[in-house]
Structure formats: C-alpha cells, structure tokens
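Reviewing the structure listed below.
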Amino acid sequence: MNYSLAQKRHSLAHVMAQAVQQNFPGTKIATGPDTDDGFFYDFDFGGVEFSEKDLKKVEKTMKKIVSQGQDYTYFEVGYDEAREILREMKEEFKIEIVDKLESGDFKNKEKISGKITFYINTGKWGKTPELQEFLKEKWYHSFEEMDGDQLKNLKFIDMCTGPHVESTRLLDANSFKLARVAGAYWMGNEKNQQLTRIYAYAFNDKEELDKHMYMLTEAKKRDHRILGAKLKLFTVSELVGPGLPLLQPAGMTMRQEIETYLWDLHKVRGYDRVWTPHIAKEILYEKSGHAAKFGDELFRVKGKEDEFIMKPMNCPHHMQLFADNQFSYRDMPIRYFEPATIYRDEKSGQLSGLTRVRAITQDDGHLFCRIEQVKDEVKTITDIIKEFYTTLGLTDDYWVSLSVRDDDKSKYLGTDEAWETAEKALEDASKENNLPYKRIEGEAAFYGPKLDFMFKDAIGREWQLATVQVDFNQPDRFDLSFTNEKGEKERPVVIHRAIAGSLERGMWVFIEHFAGTFPLWMTPRQVKIVTVADKFNDYAREVHNTLKSQDIRVSIDDSDDSLNKKVRNAEKMHINYILVIGEEEEKSGSVAVRNYKTKEQSVEKAGGFLERIKDEINKKKL
Ligand SMILES: [Zn+2]
Ligand SMILES: [Zn+2]
C-alpha cells in the first residue's frame, strides 16, 4: 500500500504527541494536522516550561517509537462514550471538539456522522479484532483493571479521523526534524488559552528532507529584507509606517527597468498607457462591488467637502475610461496598461519587507473585447508572460492553473454560453501556447474563469505571479457597451491581467531568485571602476565618462583604500563588473575585468568591453 506524504506527516504528528506525553507526563494534546512541509501539534504543558532545547529529547523518543513498529488501529464510539473516554484521559481540548462536532459547529460543519474515531498505537500486541473489541467494550471503563502486558502495549491514544499509515514501521526515522516552538491559541481564537505548538519538517525520506533543509538555509541567505538593506534597495521607515516601503535609488532603478521591460512587451501588442488618480468617491467602489469586498481594508481620505477612498483596485477606474468612449466593434479590443499603486489596510502584524504591504503597485492592465476575441487576446497575454519569465530564467519548471467552474453553476455570474466560450478560449490558448496547464474545477472566481501562473525560483520554491482573468461582472455593473455590426449595443468582456503580479512582489521574488546578483539589464549597479593608485584616476575617469555616456550605470572608487579593499567593497554590493585600472591598462587603453557572478577575469580594450556589455544589456542576458 502506498501512503501519501500527508498521511505520513500526520502519522508522525501522533508519534510526536506520544513522545511528548512520554517525556512530559500530564501534557494535554489539542490538534496536530499535516502542513506543506511537515506537521505540527498543539500542547498544553500545564505549568511545565517547554522550550526549543527540549526538541532534541522529543525527537530522540520519536525515532525510538518509529523503530518499534507500533501499529495504528482505531475504534469508533458515540459522542457520550467519546467524552467518557476523554474524561478518563484528561484530554479536555478533545472533549470540546466532541461538543462542537455534536452541535455541528466544528470547522466547516464537517463530519456530522454521529461517530467519533479513536486511533491507538499499540506495540507488539498488534492489531487484532479482539483488541478492538476489548477497547470498545471495556478498556476505558476499567483502565486500572488492564493487566501489565496490555498496558505496556497500549502506547498512545488520540481522538482523530485519520487517515494514518498502518504502522510506524512504514515511516522513516530520518525523514523528519523538529523545527521550532511557537505559541498558538486554542481554536485559533485570541480569546482562548495559548498553547505550545511544535512544528516539524517531514518528507518521504532523508534525501527529500535534506533538500528542503538546504532550500531553507539558502532562502535565509537570500531573504529580500536582508539583501534589500545590504544593497540599499528599499527602506522601511518608522515615521512613514509599516507596510509602506520606500524605494532607494538602487531599488527604483531596478523597478524602473522591470516596468520599462513590461511596457516594451505591451506596446508592440496594441496596448495604450493610461493614468488614473489614487483616490475616488466611494460610490465608484459601491458600484464595482469592491467596497463590500474590501470592507474595513479601505483607506478613507477626508476632504473639505467630500470623503474619498484610496483605490483598492484599478479596475473600476479603467471601466470609467472605457465608458467615456463610443466604441464600435471596429475599435475592439481596447487595451489599457497602467502600473498603478493601490492601497489596502492590512493588519500591521502581518506587514514585513515587500511581502505584505499597504501600498501595492500592480502592473495592471485591462482589455475589453468581444467574447469571440478572448482566445486571441489570452494568447497574446500568455506570449508576454512566457517572454518575461523566460528572460528571468523562471520557466524551466512552471505550471499553469486553469481555474474553471464546478457543478454548482448557481454560484457564478454570466450566462452558461459565455462561460463555456471563455473556458474553452482559455484552454485553447493554453494548448496553442504549449502551457503546462492543469484544469482545476471550482477554482474560478465568481465573475469568470482564470489562468494563474506558478513559477519555481532558483531554489525550487513555487510562486504564483502572473494572472489572466476573464470577467463578465464589471462590464455589467458599469453597463459598458460598444456598437456591433447591426448597430446594436453589445456588452464587452473584460480581461484583467497582471504579468509581475505586483512590482513589490516581483521585486521580492527576483531579489531572492537571483540572490541579489541581478542580470546586467536589471541590476542597479552595473560597473565599478577601481584604481590601483591615484595617478591612474584620470584614465579611470575617461573610461567612466565613456561608459556613462552610453547609459551604463557605473561609478569610480578613487578612495585611499587598498586595491583589495576597493574590490571587496564592490563585491559586497554585488556589482556585476569590477574594472581594475593600473599602469598596464592605461598604457594599452584597456581594462582588467572581474565578473562578480562567474568570477572570471579578463583584460579587454575599454571599447570592446563597452560593446560586450551593451550587447548583454540589450539582449537581457541572464
Ligand atoms: Zn490522526
Ligand atoms: Zn482588474
């Protein structure tokens, strides 16, 4: 039998709970699900202090349990019996779960079966019908009456729906690692008691675990907050406020390059740039539905006479641009592009670096077309997405989620015919562009189907970045129309698309993907000239001015520092090319080049070097 990774992870959560209760008798258990990279379990250690230094002990006991080959077996009882068992076990948290299950108030009102399942771990006694019968009928009523052997063999019991592996023998003792200890409120509610959560990493085997641990170490080194400060890309100011990062010149250079590249990809495909203000009257968002959607996340601005909203989305603004024209079918599609900042009041506790921000700049665009034009337009957008991410080296292993309706058609807005055409258009465009797509039912927005692009970065992390969404709702809400061939009013379809997602998120991903050493076209600092001695400063300046006149981002270090120190300083800033200038170079009109990324060194004519890097920039080489 093949067990899923989730099953293994959750089975290990039981093992951890058992190990904790063995080392810390009297500890109460709450819940222990699997996670994306392992599992956790929440505990109440009573008055006992539990800290990270105790993890080793628990981990050791876990390995022992795994090697013992304990079986997982289960029995089912009714609510009252379950409570009786749990009272005997002194597991009050679980009793609360039973109460909630009974009242139909647990999570998504799930599993109202009337039955409660208990999973037990047993040792060499094994899983026999007799054991199940015994537990069901007797054990919790007469715990004390169990003989020594039976007690010894009953290792652990937990109320849980499973599923689990059959035996701990099927788990790998080297496939997991306890990660950290954190506080967690019971049932995720701040008003409840705070419990101790132990997180763990778990995979199929040691090799997978090692790979993940390597990725985590790399991710830490690549953390955009650390690199952002070191390379002076952006600043978070206490006075400006959390979630409102400011771009330093280097960060802005990067962002400008990305934005220019995005615009270059759009302008040759029929897009027009537009601009819309950052505030608008609330009625705009009431009409668009965003006021209800964003609720208290909206920032309000009080004027002398009117109150305004900081825009939470650009879409309604672009709808107004369209509405102010009398377009005919001959004008369609209409394509607007605007990198625009939107504002949402995220909880301050969640704000950090560029990951969660209150000012988000979307590389936004909306296009208005006829339903039969959706396919060609989506094809064009996916062309842009593929080109952009191939340039960034992110298309080696990516996939696309094609989110369509599920069977409950009443949840969705728009006619069946429009949905079928739009879903087919997205799927056909995906096929024709050879996108590795998966059709996912029920993931569509209520207003239309969409494509979401998932890219893997240099250390294997998956990021959702680009998105293409078909929308039947906004055109309706704003009563948009164009005149068709028959002279009648026809409703356009809107396609929302973002290529980088947001420029903040894009920069965050690119900083970590490239580990701060960016492709030459994007990097804020392309060339640093360092001199061996003062007397070569004139020649250095000559080279500097030549490069500068060709728009190369270059600077000179003509300080009194030693050559080694100057080179080290340039390397600290991940400057792509370091040019060393001394007597030989001046005499021959050349430069000694050090490539920071490849560590290659060469001596080249200054003019030859300039042509080479111009080519590297123009071709946007990786
Ligand atoms: Zn379980
Ligand atoms: Zn939009």
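Going by the structure tokens order, chains are called A, B, ..., each with residues numbered from 1, while ligands are numbered from 1 in the order shown.
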Original post:
Which chains and residue numbers are within 12 Å of ligand 1, counting only C-alpha atoms and all ligand atoms, if I want them as a VMD selection string?
Top reply: chain A and resid 6 to 18 29 to 34 39 to 41 72 to 74 117 to 121 156 to 166
Each residue of chain A with at least one atom at most 10 Å from ligand 2 should appear once, together with its nearest atom pair and the corresponding distance in Å (one decimal); atoms considered: only C-alpha atoms and all ligand atoms; ordering: chain, then increasing residue number; output as a Markdown table.
```
| residue | atom | partner | partner_atom_place_in_ligand_line | distance |
| --- | --- | --- | --- | --- |
| A:Met313 | CA | ligand 2 | 1 (Zn) | 6.7 |
| A:Asn314 | CA | ligand 2 | 1 (Zn) | 6.0 |
| A:Cys315 | CA | ligand 2 | 1 (Zn) | 4.0 |
| A:Pro316 | CA | ligand 2 | 1 (Zn) | 7.7 |
| A:His317 | CA | ligand 2 | 1 (Zn) | 9.3 |
| A:His318 | CA | ligand 2 | 1 (Zn) | 8.3 |
| A:Met319 | CA | ligand 2 | 1 (Zn) | 9.3 |
| A:Gln362 | CA | ligand 2 | 1 (Zn) | 9.5 |
| A:Asp364 | CA | ligand 2 | 1 (Zn) | 6.9 |
| A:Gly365 | CA | ligand 2 | 1 (Zn) | 6.8 |
| A:His366 | CA | ligand 2 | 1 (Zn) | 6.1 |
| A:Leu367 | CA | ligand 2 | 1 (Zn) | 9.3 |
| A:Val468 | CA | ligand 2 | 1 (Zn) | 9.6 |
| A:Gln469 | CA | ligand 2 | 1 (Zn) | 8.2 |
| A:Val470 | CA | ligand 2 | 1 (Zn) | 9.6 |
| A:Asp471 | CA | ligand 2 | 1 (Zn) | 8.8 |
| A:Gln474 | CA | ligand 2 | 1 (Zn) | 9.1 |
| A:Val494 | CA | ligand 2 | 1 (Zn) | 8.5 |
| A:Ile495 | CA | ligand 2 | 1 (Zn) | 7.6 |
| A:His496 | CA | ligand 2 | 1 (Zn) | 4.5 |
| A:Arg497 | CA | ligand 2 | 1 (Zn) | 6.9 |
| A:Ala498 | CA | ligand 2 | 1 (Zn) | 8.4 |
```
Original post:
Using only C-alpha atoms, which residue out of A:Gly243, A:Gly487, A:Gly228, A:Gly188 lies closest to His574 of chain A?
Top reply: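 Closest to His574 of chain A of all the choices is A:Gly228.
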**OP:** Would you mind writing down, as number ranges by chain, each residue of segment 384-477 of chain A that DSSP on the backbone assigns to helix (DSSP H, G or I)?
**Re:** A: 384-391, 409-411, 416-432, 473-477
Which residues of segment 473-525 of chain A have any atom within 10 Å of an atom in segment 202-220 of chain A when counting only C-alpha atoms, and what is the closest pair of atoms for each, with the distance in Å to one decimal? Order the rows by chain and rising number and write it as CSV.
```
residue,atom,partner,partner_atom,distance
A:Glu512,CA,A:Ala219,CA,7.2
A:His513,CA,A:Ala219,CA,9.1
A:Ala515,CA,A:Ala219,CA,8.8
```
**OP:** Please run DSSP on the backbone and report, as a ChimeraX atom specification, all residues within segment 231-393 of chain A that come out as strand (DSSP E or B).
**Re:** /A:234-235,246-247,272-273,279-281,300-302,307-310,328,334-343,352,356,359-369
Original post:
Between A:Leu321, A:Leu86, A:Ile371, A:Ile575, which has the minimum distance to Val274 of chain A (counting only C-alpha atoms)?
Top reply: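 With only C-alpha atoms as the atom set, the closest residue is A:Leu321.
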Original post:
Residues at most 12 Å from Arg356 of chain A, counting only C-alpha atoms, excluding those fewer than 6 positions away in the same chain, as a PyMOL selection string?
Top reply: chain A and resi 225+242-245+343-350+502+504-505+508
Next, the residues of the selection above should be written as a PDB file, in the first residue's frame with C-alpha atoms.
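Below is the file that was written, result_28.pdb:
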```pdb
ATOM      1  CA  ARG A 225      14.758  42.067   3.695  1.00  0.00           C
ATOM      2  CA  PRO A 242       4.811  49.687   8.402  1.00  0.00           C
ATOM      3  CA  GLY A 243       3.881  48.132   5.072  1.00  0.00           C
ATOM      4  CA  LEU A 244       4.928  51.264   3.194  1.00  0.00           C
ATOM      5  CA  PRO A 245       8.435  50.529   1.906  1.00  0.00           C
ATOM      6  CA  TYR A 343      -3.953  50.755  -1.104  1.00  0.00           C
ATOM      7  CA  ARG A 344      -5.296  48.246   1.391  1.00  0.00           C
ATOM      8  CA  ASP A 345      -5.201  48.406   5.153  1.00  0.00           C
ATOM      9  CA  GLU A 346      -3.606  45.068   6.015  1.00  0.00           C
ATOM     10  CA  LYS A 347      -3.228  44.204   9.692  1.00  0.00           C
ATOM     11  CA  SER A 348       0.024  45.752  10.905  1.00  0.00           C
ATOM     12  CA  GLY A 349       1.156  42.482  12.481  1.00  0.00           C
ATOM     13  CA  GLN A 350       1.324  40.879   9.034  1.00  0.00           C
ATOM     14  CA  SER A 502       2.710  43.379  -8.301  1.00  0.00           C
ATOM     15  CA  GLU A 504       6.643  44.748  -4.889  1.00  0.00           C
ATOM     16  CA  ARG A 505       6.034  41.004  -5.042  1.00  0.00           C
ATOM     17  CA  TRP A 508      10.766  40.357  -3.618  1.00  0.00           C
TER      18      TRP A 508
END
```
Original post:
Taking into account only C-alpha atoms, which residue in the set A:Lys191, A:Lys386, A:Arg335, A:Arg568 is nearest to Phe455 of chain A?
Top reply: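 Once distances to Phe455 of chain A are computed over only C-alpha atoms, the minimum belongs to A:Lys386.
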**OP:** Find the residue from A:Asn569, A:Thr483, A:Gln68, A:Asn23 that sits nearest to Arg330 of chain A; use only C-alpha atoms when measuring.
**Re:**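 Distance minimum relative to Arg330 of chain A lands on A:Thr483.
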Original post:
Contacts of Ala592 of chain A at 10 Å or less, counting only C-alpha atoms, minus same-chain residues fewer than 5 places along, as a PyMOL selection string?
Top reply: chain A and resi 529-530+577-582+584-585+601-606+609
Subject >> Nearest residue to Tyr389 of chain A from the set A:Lys587, A:Thr421, A:Thr517, A:Ile258 (distances using only C-alpha atoms) >> reply: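 Of all the options, A:Ile258 lies closest to Tyr389 of chain A.
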